[in-house]
Amino acid sequence: MASSSNTLARPLAGPTDSGRARGASADSPTRARYNGLGAVRVAMWSAVAALILVPIASILALAVTGSGWSTLADPDVLEAAGNSLVSAAVSGALAVVVGSALALLLERTDLPGRRALRLLALSPMLMPPFVGAIAWLSLLGPSATVNTFWTQRFGAPLWNLYGGDGVIFLLTLHSYPIAMIIVTAALRRVPADLEQAARIAGSSAPRALWEVTTPLLRPAMLSSFTLIAVSNLADFGIPSIIGLPQRYVTLSTLVYRTLQSGTADDPLAVVSAIGFVLLVIALLGVLVDLLRARTRVELDAQAGAPALLPLGRARVPVGVLTAVAVLAVTVLPLITLAIQSLLPAPGVPLSAETVTLASFERALTASGTLTGIGNSLMLAALAGLICGVLGLGIGTIVTRTRARSNSALLGLSLLPQAIPGLVIAVAWLVIAPRIGLYNTPWLILCAYLTSFLALVVQSVHAPLSATPTTAEEAARISGASRLRALWDISCRMAVPAAISGAILVALTAVRELTLSVLLLSPGSQTLGVVIFNLQQAGAYNASSALSLIVALVGLAGLGLTARTPR
């Protein structure tokens, strides 16, 4: 009986003991997996705090406590602020009009050659604005062939590009592709049956497009206007090259002049106050856009492609006019830039005897050119790599995990998109002496990381948000830890998107000017700064030659992207 009771006792005690053992052994991996995921979350928050929160807090602190507020009432500052607001608002409105018109023409009409025209219409995005400014100067500058010919025939130039109207014109040309992309995406989500219902009710095709489809595009138009206006508010390249020769000063060029001249008693306090005002204006614009978006009606994606609007007899004339306009704003400046690069000096007529490659030689052998190219490639590669890793981690964490801090982490990582580059540059100038990066190229790298991290986060967040979590759940059921499932499933799925975002960061950084010129230090000049210095020194043909190289490389990247299979 004793043996029997002992035998019966063991099975009763065994499961309890083993259950406790399993519970104890399960607690440890659970803690480990949450600790591992928590460590990754802390690392992502630390990176966002260092790259975004600290610079913004520093410029706010110096603006509030500094002595720069008195300079905001200075007539020069008020004039620059007015010029910045006018150029940003007018160029934003014009860009939305042009971009929306092109989106409607290329998406909803039977215009001939739509695919080629769409590709050409988007090409200004790939050319840095300051390079575009140099290209247009070779076409409409005071000594350009067009104005020279017009002056000889009619006694006055056709149009001198220098001045405020030239700044607004070029800001519009380099911004309308953004509006075109946003409006096109919204246009593809408008249900086709709305237009069909209007047509059945007796409305003509143009009237249905105008009265039914176009009102549904207003939220996209307003969003694109906000994005473009904030971006143009602190653009440096175009106002410095086109505006300054006619004393058209904007806030960005005023900040540059203040930092370079050394006439202000406390230049950092002055530029911090200006940066604070710009930051408030930009954030107010974004806030208004967000409040408007909360009341927006979200439409389901259309089930079928809508019927294209037949242009009838106007198809060929409209197609020709559209092609001429698109070619005039994309290809013609490149042609004149190439001609300018092949001439020995401005104003020299083009002939077989005057064609020379001396401008390319001067550009490539100029002081600092090779250093600038090397610095740009190094900083762009590092920015792409670091933003790729951080963007992959942040995008995966905020999309595939549940935490109350996810929305804040995502919002902060995307915040620099709403902050003008001028503000970011000033913020890093403020904290540079405290962290030992003053007068080093690494300060430019930090500013690149702050500005461009959002590109990779968006690239990763969008596809992961649309992907179900069934694969991760299967991995968890199979025994994988939470962190292991994120690494093996989500991260691997998002790697192609992160690589695409990192390449976009590198391509954007290698031709950037605003951050680089404001954070310039001895030996840290970049390619954009080299071109800008050549232009400011009067070496117009050499700057045109180097600009042509940058533009052709950008267009080659567009061709490779278009040929890449999706």
# chains A, B, ... in the order shown; residues from 1 in each chain; ligands from 1
call {"tool": "residues_around", "arguments": {"residues": "segment 161-168 of chain A", "least_positions_apart": "4", "cutoff": "7 Å", "atoms": "only C-alpha atoms", "output": "ChimeraX atom specification"}}
result
/A:87,90-91,137,140-141,172,238-239,242-243,245-246,248
call {"tool": "write_last_selection", "arguments": {"atoms": "N, CA, C and O atoms", "output": "PDB file, in the first residue's frame"}}
result
ATOM      1  N   SER A  87       6.942  85.226 -51.778  1.00  0.00           N
ATOM      2  CA  SER A  87       7.487  84.258 -52.738  1.00  0.00           C
ATOM      3  C   SER A  87       7.018  82.850 -52.420  1.00  0.00           C
ATOM      4  O   SER A  87       6.703  82.069 -53.339  1.00  0.00           O
ATOM      5  N   VAL A  90       2.966  82.742 -53.200  1.00  0.00           N
ATOM      6  CA  VAL A  90       2.637  82.842 -54.624  1.00  0.00           C
ATOM      7  C   VAL A  90       3.164  81.639 -55.392  1.00  0.00           C
ATOM      8  O   VAL A  90       2.460  81.057 -56.233  1.00  0.00           O
ATOM      9  N   SER A  91       4.410  81.244 -55.118  1.00  0.00           N
ATOM     10  CA  SER A  91       4.963  80.074 -55.816  1.00  0.00           C
ATOM     11  C   SER A  91       4.210  78.811 -55.438  1.00  0.00           C
ATOM     12  O   SER A  91       4.001  77.924 -56.286  1.00  0.00           O
ATOM     13  N   LEU A 137      19.461  81.006 -65.920  1.00  0.00           N
ATOM     14  CA  LEU A 137      20.249  82.212 -66.175  1.00  0.00           C
ATOM     15  C   LEU A 137      20.949  82.132 -67.522  1.00  0.00           C
ATOM     16  O   LEU A 137      21.127  83.150 -68.206  1.00  0.00           O
ATOM     17  N   LEU A 140      17.857  83.116 -69.761  1.00  0.00           N
ATOM     18  CA  LEU A 140      17.214  84.413 -69.605  1.00  0.00           C
ATOM     19  C   LEU A 140      18.024  85.387 -68.755  1.00  0.00           C
ATOM     20  O   LEU A 140      17.471  86.337 -68.199  1.00  0.00           O
ATOM     21  N   GLY A 141      19.334  85.149 -68.610  1.00  0.00           N
ATOM     22  CA  GLY A 141      20.176  86.100 -67.912  1.00  0.00           C
ATOM     23  C   GLY A 141      20.396  87.361 -68.737  1.00  0.00           C
ATOM     24  O   GLY A 141      20.073  87.410 -69.936  1.00  0.00           O
ATOM     25  N   THR A 172       8.350  78.102 -58.455  1.00  0.00           N
ATOM     26  CA  THR A 172       7.178  77.411 -59.007  1.00  0.00           C
ATOM     27  C   THR A 172       7.597  76.220 -59.859  1.00  0.00           C
ATOM     28  O   THR A 172       7.047  75.118 -59.731  1.00  0.00           O
ATOM     29  N   ILE A 238      17.819  79.387 -54.862  1.00  0.00           N
ATOM     30  CA  ILE A 238      17.204  80.261 -55.874  1.00  0.00           C
ATOM     31  C   ILE A 238      17.241  81.733 -55.443  1.00  0.00           C
ATOM     32  O   ILE A 238      17.656  82.596 -56.234  1.00  0.00           O
ATOM     33  N   PRO A 239      16.823  82.103 -54.211  1.00  0.00           N
ATOM     34  CA  PRO A 239      16.896  83.529 -53.842  1.00  0.00           C
ATOM     35  C   PRO A 239      18.325  84.083 -53.835  1.00  0.00           C
ATOM     36  O   PRO A 239      18.527  85.254 -54.161  1.00  0.00           O
ATOM     37  N   ILE A 242      19.308  84.248 -57.842  1.00  0.00           N
ATOM     38  CA  ILE A 242      18.419  85.063 -58.672  1.00  0.00           C
ATOM     39  C   ILE A 242      18.016  86.366 -57.977  1.00  0.00           C
ATOM     40  O   ILE A 242      17.860  87.395 -58.630  1.00  0.00           O
ATOM     41  N   GLY A 243      17.822  86.333 -56.657  1.00  0.00           N
ATOM     42  CA  GLY A 243      17.306  87.509 -55.962  1.00  0.00           C
ATOM     43  C   GLY A 243      18.357  88.503 -55.525  1.00  0.00           C
ATOM     44  O   GLY A 243      18.168  89.721 -55.671  1.00  0.00           O
ATOM     45  N   PRO A 245      21.318  89.566 -56.675  1.00  0.00           N
ATOM     46  CA  PRO A 245      21.840  90.582 -57.601  1.00  0.00           C
ATOM     47  C   PRO A 245      20.926  91.787 -57.774  1.00  0.00           C
ATOM     48  O   PRO A 245      21.399  92.874 -58.127  1.00  0.00           O
ATOM     49  N   GLN A 246      19.616  91.626 -57.541  1.00  0.00           N
ATOM     50  CA  GLN A 246      18.671  92.745 -57.605  1.00  0.00           C
ATOM     51  C   GLN A 246      18.226  93.187 -56.208  1.00  0.00           C
ATOM     52  O   GLN A 246      17.203  93.849 -56.060  1.00  0.00           O
ATOM     53  N   TYR A 248      16.936  91.531 -53.849  1.00  0.00           N
ATOM     54  CA  TYR A 248      15.709  90.886 -53.371  1.00  0.00           C
ATOM     55  C   TYR A 248      16.134  89.896 -52.284  1.00  0.00           C
ATOM     56  O   TYR A 248      16.584  88.789 -52.564  1.00  0.00           O
TER      57      TYR A 248
END
call {"tool": "closest_atom_pairs", "arguments": {"of": "segment 400-468 of chain A", "to": "segment 505-513 of chain A", "cutoff": "10 Å", "atoms": "only C-alpha atoms", "output": "Markdown table"}}
result
| residue | atom | partner | partner_atom | distance |
| --- | --- | --- | --- | --- |
| A:Gly421 | CA | A:Leu513 | CA | 9.8 |
| A:Ile444 | CA | A:Ala509 | CA | 9.9 |
| A:Leu445 | CA | A:Ala509 | CA | 9.2 |
| A:Tyr448 | CA | A:Ala509 | CA | 6.8 |
| A:Leu449 | CA | A:Val505 | CA | 9.0 |
| A:Ser451 | CA | A:Val505 | CA | 9.4 |
| A:Phe452 | CA | A:Val505 | CA | 6.0 |
| A:Leu453 | CA | A:Val505 | CA | 7.9 |
| A:Ala454 | CA | A:Val505 | CA | 9.4 |
| A:Leu455 | CA | A:Val505 | CA | 6.9 |
| A:Val456 | CA | A:Val505 | CA | 7.7 |
call {"tool": "residues_around", "arguments": {"residues": "segment 252-258 of chain A", "least_positions_apart": "6", "cutoff": "6 Å", "atoms": "only C-alpha atoms", "output": "MDAnalysis selection string"}}
result
chainID A and resid 234 236 271
call {"tool": "closest_residue", "arguments": {"among": "A:Gly347, A:Arg434, A:Ile182, A:Thr336", "to": "Phe149 of chain A", "atoms": "only C-alpha atoms"}}
result
A:Gly347
call {"tool": "closest_residue", "arguments": {"among": "A:Ile274, A:Ala380, A:Pro496, A:Gly528", "to": "Trp442 of chain A", "atoms": "only C-alpha atoms"}}
result
A:Ala380
call {"tool": "residues_around", "arguments": {"residues": "segment 404-420 of chain A", "least_positions_apart": "5", "cutoff": "10 Å", "atoms": "only C-alpha atoms", "output": "MDAnalysis selection string"}}
result
chainID A and resid 41 44:45 47:49 51:53 56 226:227 230:235 252 275 278:287 390:391 394:395 397:399 425 449:458 461 514
call {"tool": "residues_around", "arguments": {"residues": "Met221 of chain A", "least_positions_apart": "3", "cutoff": "7 Å", "atoms": "only C-alpha atoms", "output": "PyMOL selection string"}}
result
chain A and resi 96+179+183+217-218+224-225
call {"tool": "write_last_selection", "arguments": {"atoms": "N, CA and C atoms", "output": "JSON list (two decimals), in the first residue's frame"}}
result
[["chain", "number", "residue", "atom", "x", "y", "z"],
["A", 96, "VAL", "N", 0.60, 74.63, -57.35],
["A", 96, "VAL", "CA", -0.59, 73.78, -57.22],
["A", 96, "VAL", "C", -1.44, 73.87, -58.49],
["A", 179, "ALA", "N", 3.19, 68.98, -56.25],
["A", 179, "ALA", "CA", 1.73, 69.07, -56.34],
["A", 179, "ALA", "C", 1.18, 68.07, -57.34],
["A", 183, "VAL", "N", -1.59, 65.33, -56.17],
["A", 183, "VAL", "CA", -2.91, 65.40, -56.81],
["A", 183, "VAL", "C", -3.17, 64.15, -57.65],
["A", 217, "LEU", "N", -10.61, 66.95, -55.16],
["A", 217, "LEU", "CA", -9.16, 67.07, -55.11],
["A", 217, "LEU", "C", -8.69, 68.24, -54.25],
["A", 218, "ARG", "N", -9.65, 69.04, -53.72],
["A", 218, "ARG", "CA", -9.25, 70.21, -52.94],
["A", 218, "ARG", "C", -8.40, 69.87, -51.71],
["A", 224, "SER", "N", -0.76, 69.89, -50.66],
["A", 224, "SER", "CA", 0.41, 70.17, -51.47],
["A", 224, "SER", "C", 0.83, 71.64, -51.36],
["A", 225, "PHE", "N", -0.15, 72.55, -51.25],
["A", 225, "PHE", "CA", 0.20, 73.96, -51.07],
["A", 225, "PHE", "C", 0.95, 74.17, -49.76]]
call {"tool": "atom_distance", "arguments": {"atom1": "atom CA of Val324 of chain A", "atom2": "atom CA of Leu106 of chain A"}}
result
14.6 Å
call {"tool": "residues_around", "arguments": {"residues": "Ala352 of chain A", "least_positions_apart": "6", "cutoff": "12 Å", "atoms": "only C-alpha atoms", "output": "VMD selection string"}}
result
chain A and resid 339 342 to 343
call {"tool": "closest_residue", "arguments": {"among": "A:Ala198, A:Ala135, A:Ile489, A:Leu60", "to": "Leu268 of chain A", "atoms": "only C-alpha atoms"}}
result
A:Leu60
call {"tool": "residues_around", "arguments": {"residues": "segment 535-544 of chain A", "least_positions_apart": "2", "cutoff": "10 Å", "atoms": "only C-alpha atoms", "output": "PDB file with N, CA, C and O atoms, in the first residue's frame"}}
result
ATOM      1  N   VAL A 131      20.915  74.602 -59.196  1.00  0.00           N
ATOM      2  CA  VAL A 131      21.377  74.224 -60.535  1.00  0.00           C
ATOM      3  C   VAL A 131      20.355  74.675 -61.574  1.00  0.00           C
ATOM      4  O   VAL A 131      20.713  75.175 -62.654  1.00  0.00           O
ATOM      5  N   ILE A 134      20.860  78.351 -62.222  1.00  0.00           N
ATOM      6  CA  ILE A 134      21.992  78.610 -63.122  1.00  0.00           C
ATOM      7  C   ILE A 134      21.614  78.268 -64.558  1.00  0.00           C
ATOM      8  O   ILE A 134      21.981  78.982 -65.511  1.00  0.00           O
ATOM      9  N   ALA A 135      20.863  77.166 -64.740  1.00  0.00           N
ATOM     10  CA  ALA A 135      20.439  76.784 -66.083  1.00  0.00           C
ATOM     11  C   ALA A 135      19.539  77.848 -66.700  1.00  0.00           C
ATOM     12  O   ALA A 135      19.694  78.205 -67.883  1.00  0.00           O
ATOM     13  N   LEU A 137      19.461  81.006 -65.920  1.00  0.00           N
ATOM     14  CA  LEU A 137      20.249  82.212 -66.175  1.00  0.00           C
ATOM     15  C   LEU A 137      20.949  82.132 -67.522  1.00  0.00           C
ATOM     16  O   LEU A 137      21.127  83.150 -68.206  1.00  0.00           O
ATOM     17  N   SER A 138      21.360  80.919 -67.899  1.00  0.00           N
ATOM     18  CA  SER A 138      21.982  80.760 -69.213  1.00  0.00           C
ATOM     19  C   SER A 138      20.987  80.968 -70.339  1.00  0.00           C
ATOM     20  O   SER A 138      21.378  81.186 -71.489  1.00  0.00           O
ATOM     21  N   SER A 240      19.304  83.262 -53.483  1.00  0.00           N
ATOM     22  CA  SER A 240      20.674  83.768 -53.435  1.00  0.00           C
ATOM     23  C   SER A 240      21.230  84.024 -54.830  1.00  0.00           C
ATOM     24  O   SER A 240      21.957  84.998 -55.046  1.00  0.00           O
ATOM     25  N   ILE A 241      20.909  83.171 -55.798  1.00  0.00           N
ATOM     26  CA  ILE A 241      21.448  83.311 -57.149  1.00  0.00           C
ATOM     27  C   ILE A 241      20.626  84.282 -57.983  1.00  0.00           C
ATOM     28  O   ILE A 241      21.168  85.079 -58.752  1.00  0.00           O
ATOM     29  N   PRO A 245      21.318  89.566 -56.675  1.00  0.00           N
ATOM     30  CA  PRO A 245      21.840  90.582 -57.601  1.00  0.00           C
ATOM     31  C   PRO A 245      20.926  91.787 -57.774  1.00  0.00           C
ATOM     32  O   PRO A 245      21.399  92.874 -58.127  1.00  0.00           O
ATOM     33  N   LEU A 334      18.325  72.869 -70.030  1.00  0.00           N
ATOM     34  CA  LEU A 334      19.496  71.991 -70.098  1.00  0.00           C
ATOM     35  C   LEU A 334      20.306  72.254 -71.363  1.00  0.00           C
ATOM     36  O   LEU A 334      21.542  72.205 -71.345  1.00  0.00           O
ATOM     37  N   THR A 336      20.513  75.113 -73.072  1.00  0.00           N
ATOM     38  CA  THR A 336      21.240  76.379 -72.918  1.00  0.00           C
ATOM     39  C   THR A 336      22.359  76.250 -71.890  1.00  0.00           C
ATOM     40  O   THR A 336      23.410  76.887 -72.026  1.00  0.00           O
ATOM     41  N   LEU A 337      22.149  75.419 -70.846  1.00  0.00           N
ATOM     42  CA  LEU A 337      23.213  75.183 -69.866  1.00  0.00           C
ATOM     43  C   LEU A 337      24.397  74.484 -70.535  1.00  0.00           C
ATOM     44  O   LEU A 337      25.564  74.816 -70.263  1.00  0.00           O
ATOM     45  N   ALA A 338      24.108  73.525 -71.411  1.00  0.00           N
ATOM     46  CA  ALA A 338      25.182  72.835 -72.131  1.00  0.00           C
ATOM     47  C   ALA A 338      25.930  73.800 -73.050  1.00  0.00           C
ATOM     48  O   ALA A 338      27.167  73.766 -73.146  1.00  0.00           O
ATOM     49  N   ILE A 339      25.186  74.675 -73.740  1.00  0.00           N
ATOM     50  CA  ILE A 339      25.833  75.663 -74.619  1.00  0.00           C
ATOM     51  C   ILE A 339      26.720  76.593 -73.813  1.00  0.00           C
ATOM     52  O   ILE A 339      27.862  76.900 -74.199  1.00  0.00           O
ATOM     53  N   GLN A 340      26.202  77.057 -72.662  1.00  0.00           N
ATOM     54  CA  GLN A 340      26.987  77.939 -71.803  1.00  0.00           C
ATOM     55  C   GLN A 340      28.260  77.246 -71.331  1.00  0.00           C
ATOM     56  O   GLN A 340      29.315  77.884 -71.215  1.00  0.00           O
ATOM     57  N   SER A 341      28.175  75.951 -71.066  1.00  0.00           N
ATOM     58  CA  SER A 341      29.342  75.203 -70.589  1.00  0.00           C
ATOM     59  C   SER A 341      30.404  75.052 -71.664  1.00  0.00           C
ATOM     60  O   SER A 341      31.595  74.887 -71.338  1.00  0.00           O
ATOM     61  N   LEU A 342      29.999  75.084 -72.919  1.00  0.00           N
ATOM     62  CA  LEU A 342      30.936  74.871 -74.029  1.00  0.00           C
ATOM     63  C   LEU A 342      31.534  76.171 -74.550  1.00  0.00           C
ATOM     64  O   LEU A 342      32.356  76.137 -75.479  1.00  0.00           O
ATOM     65  N   LEU A 343      31.143  77.312 -73.976  1.00  0.00           N
ATOM     66  CA  LEU A 343      31.672  78.600 -74.412  1.00  0.00           C
ATOM     67  C   LEU A 343      32.732  79.101 -73.433  1.00  0.00           C
ATOM     68  O   LEU A 343      32.674  78.811 -72.231  1.00  0.00           O
ATOM     69  N   PRO A 344      33.685  79.883 -73.922  1.00  0.00           N
ATOM     70  CA  PRO A 344      34.764  80.342 -73.024  1.00  0.00           C
ATOM     71  C   PRO A 344      34.333  81.422 -72.050  1.00  0.00           C
ATOM     72  O   PRO A 344      34.933  81.574 -70.980  1.00  0.00           O
ATOM     73  N   ALA A 345      33.286  82.200 -72.392  1.00  0.00           N
ATOM     74  CA  ALA A 345      32.849  83.305 -71.520  1.00  0.00           C
ATOM     75  C   ALA A 345      31.401  83.645 -71.855  1.00  0.00           C
ATOM     76  O   ALA A 345      30.919  83.348 -72.958  1.00  0.00           O
ATOM     77  N   PRO A 346      30.676  84.275 -70.930  1.00  0.00           N
ATOM     78  CA  PRO A 346      29.295  84.680 -71.220  1.00  0.00           C
ATOM     79  C   PRO A 346      29.239  85.692 -72.359  1.00  0.00           C
ATOM     80  O   PRO A 346      30.105  86.558 -72.493  1.00  0.00           O
ATOM     81  N   LEU A 357      36.210  72.954 -74.215  1.00  0.00           N
ATOM     82  CA  LEU A 357      35.981  72.228 -72.961  1.00  0.00           C
ATOM     83  C   LEU A 357      36.731  72.872 -71.797  1.00  0.00           C
ATOM     84  O   LEU A 357      36.863  72.269 -70.731  1.00  0.00           O
ATOM     85  N   ALA A 358      37.200  74.084 -72.014  1.00  0.00           N
ATOM     86  CA  ALA A 358      37.981  74.750 -70.970  1.00  0.00           C
ATOM     87  C   ALA A 358      37.161  74.991 -69.704  1.00  0.00           C
ATOM     88  O   ALA A 358      37.704  74.957 -68.588  1.00  0.00           O
ATOM     89  N   SER A 359      35.858  75.236 -69.856  1.00  0.00           N
ATOM     90  CA  SER A 359      35.024  75.471 -68.672  1.00  0.00           C
ATOM     91  C   SER A 359      34.953  74.233 -67.799  1.00  0.00           C
ATOM     92  O   SER A 359      34.983  74.338 -66.559  1.00  0.00           O
ATOM     93  N   PHE A 360      34.858  73.055 -68.415  1.00  0.00           N
ATOM     94  CA  PHE A 360      34.858  71.822 -67.635  1.00  0.00           C
ATOM     95  C   PHE A 360      36.197  71.641 -66.926  1.00  0.00           C
ATOM     96  O   PHE A 360      36.243  71.209 -65.769  1.00  0.00           O
ATOM     97  N   GLU A 361      37.284  71.974 -67.623  1.00  0.00           N
ATOM     98  CA  GLU A 361      38.607  71.853 -67.009  1.00  0.00           C
ATOM     99  C   GLU A 361      38.747  72.796 -65.829  1.00  0.00           C
ATOM    100  O   GLU A 361      39.247  72.419 -64.763  1.00  0.00           O
ATOM    101  N   ARG A 362      38.295  74.051 -66.012  1.00  0.00           N
ATOM    102  CA  ARG A 362      38.375  75.012 -64.907  1.00  0.00           C
ATOM    103  C   ARG A 362      37.507  74.578 -63.734  1.00  0.00           C
ATOM    104  O   ARG A 362      37.903  74.734 -62.565  1.00  0.00           O
ATOM    105  N   ALA A 363      36.325  74.033 -64.030  1.00  0.00           N
ATOM    106  CA  ALA A 363      35.419  73.629 -62.957  1.00  0.00           C
ATOM    107  C   ALA A 363      36.002  72.468 -62.152  1.00  0.00           C
ATOM    108  O   ALA A 363      35.949  72.457 -60.917  1.00  0.00           O
ATOM    109  N   LEU A 364      36.553  71.488 -62.847  1.00  0.00           N
ATOM    110  CA  LEU A 364      37.054  70.293 -62.161  1.00  0.00           C
ATOM    111  C   LEU A 364      38.403  70.513 -61.497  1.00  0.00           C
ATOM    112  O   LEU A 364      38.777  69.761 -60.598  1.00  0.00           O
ATOM    113  N   ALA A 366      39.234  73.609 -60.219  1.00  0.00           N
ATOM    114  CA  ALA A 366      39.124  74.763 -59.326  1.00  0.00           C
ATOM    115  C   ALA A 366      39.422  74.345 -57.888  1.00  0.00           C
ATOM    116  O   ALA A 366      39.275  73.177 -57.504  1.00  0.00           O
ATOM    117  N   VAL A 529      28.123  73.711 -52.493  1.00  0.00           N
ATOM    118  CA  VAL A 529      28.822  74.927 -52.092  1.00  0.00           C
ATOM    119  C   VAL A 529      29.856  75.317 -53.134  1.00  0.00           C
ATOM    120  O   VAL A 529      30.057  76.512 -53.416  1.00  0.00           O
ATOM    121  N   VAL A 530      30.548  74.337 -53.720  1.00  0.00           N
ATOM    122  CA  VAL A 530      31.542  74.635 -54.757  1.00  0.00           C
ATOM    123  C   VAL A 530      30.876  75.322 -55.944  1.00  0.00           C
ATOM    124  O   VAL A 530      31.377  76.336 -56.465  1.00  0.00           O
ATOM    125  N   ILE A 531      29.738  74.791 -56.405  1.00  0.00           N
ATOM    126  CA  ILE A 531      29.021  75.413 -57.534  1.00  0.00           C
ATOM    127  C   ILE A 531      28.556  76.811 -57.156  1.00  0.00           C
ATOM    128  O   ILE A 531      28.668  77.766 -57.948  1.00  0.00           O
ATOM    129  N   PHE A 532      28.036  76.960 -55.947  1.00  0.00           N
ATOM    130  CA  PHE A 532      27.569  78.271 -55.485  1.00  0.00           C
ATOM    131  C   PHE A 532      28.724  79.273 -55.441  1.00  0.00           C
ATOM    132  O   PHE A 532      28.570  80.424 -55.874  1.00  0.00           O
ATOM    133  N   ASN A 533      29.887  78.859 -54.957  1.00  0.00           N
ATOM    134  CA  ASN A 533      31.033  79.763 -54.883  1.00  0.00           C
ATOM    135  C   ASN A 533      31.527  80.156 -56.270  1.00  0.00           C
ATOM    136  O   ASN A 533      31.941  81.305 -56.488  1.00  0.00           O
ATOM    137  N   LEU A 546      29.886  72.527 -64.212  1.00  0.00           N
ATOM    138  CA  LEU A 546      29.717  71.626 -63.075  1.00  0.00           C
ATOM    139  C   LEU A 546      28.237  71.353 -62.822  1.00  0.00           C
ATOM    140  O   LEU A 546      27.850  70.235 -62.457  1.00  0.00           O
ATOM    141  N   SER A 547      27.390  72.363 -63.022  1.00  0.00           N
ATOM    142  CA  SER A 547      25.948  72.169 -62.862  1.00  0.00           C
ATOM    143  C   SER A 547      25.403  71.186 -63.903  1.00  0.00           C
ATOM    144  O   SER A 547      24.517  70.382 -63.602  1.00  0.00           O
ATOM    145  N   LEU A 548      25.932  71.261 -65.119  1.00  0.00           N
ATOM    146  CA  LEU A 548      25.489  70.341 -66.166  1.00  0.00           C
ATOM    147  C   LEU A 548      25.811  68.901 -65.794  1.00  0.00           C
ATOM    148  O   LEU A 548      24.993  67.994 -66.008  1.00  0.00           O
ATOM    149  N   ILE A 549      26.980  68.682 -65.215  1.00  0.00           N
ATOM    150  CA  ILE A 549      27.344  67.332 -64.786  1.00  0.00           C
ATOM    151  C   ILE A 549      26.370  66.826 -63.730  1.00  0.00           C
ATOM    152  O   ILE A 549      25.884  65.688 -63.794  1.00  0.00           O
ATOM    153  N   VAL A 550      26.053  67.674 -62.745  1.00  0.00           N
ATOM    154  CA  VAL A 550      25.117  67.280 -61.687  1.00  0.00           C
ATOM    155  C   VAL A 550      23.737  66.990 -62.266  1.00  0.00           C
ATOM    156  O   VAL A 550      23.077  66.005 -61.907  1.00  0.00           O
TER     157      VAL A 550
END
call {"tool": "atom_distance", "arguments": {"atom1": "atom CA of Arg482 of chain A", "atom2": "atom CA of Gly501 of chain A"}}
result
25.5 Å
call {"tool": "atom_distance", "arguments": {"atom1": "atom CA of Ala485 of chain A", "atom2": "atom CA of Ile499 of chain A"}}
result
20.5 Å
call {"tool": "select_by_dssp", "arguments": {"residues": "segment 67-310 of chain A", "states": "helix (DSSP H, G or I)", "output": "MDAnalysis selection string"}}
result
chainID A and resid 69:73 75:108 114:126 129:140 145:154 164:173 176:187 192:200 205:216 218:233 237:246 251:261 267:294
call {"tool": "closest_residue", "arguments": {"among": "A:Ala197, A:Leu291, A:Val249, A:Ala133", "to": "Thr213 of chain A", "atoms": "only C-alpha atoms"}}
result
A:Ala197
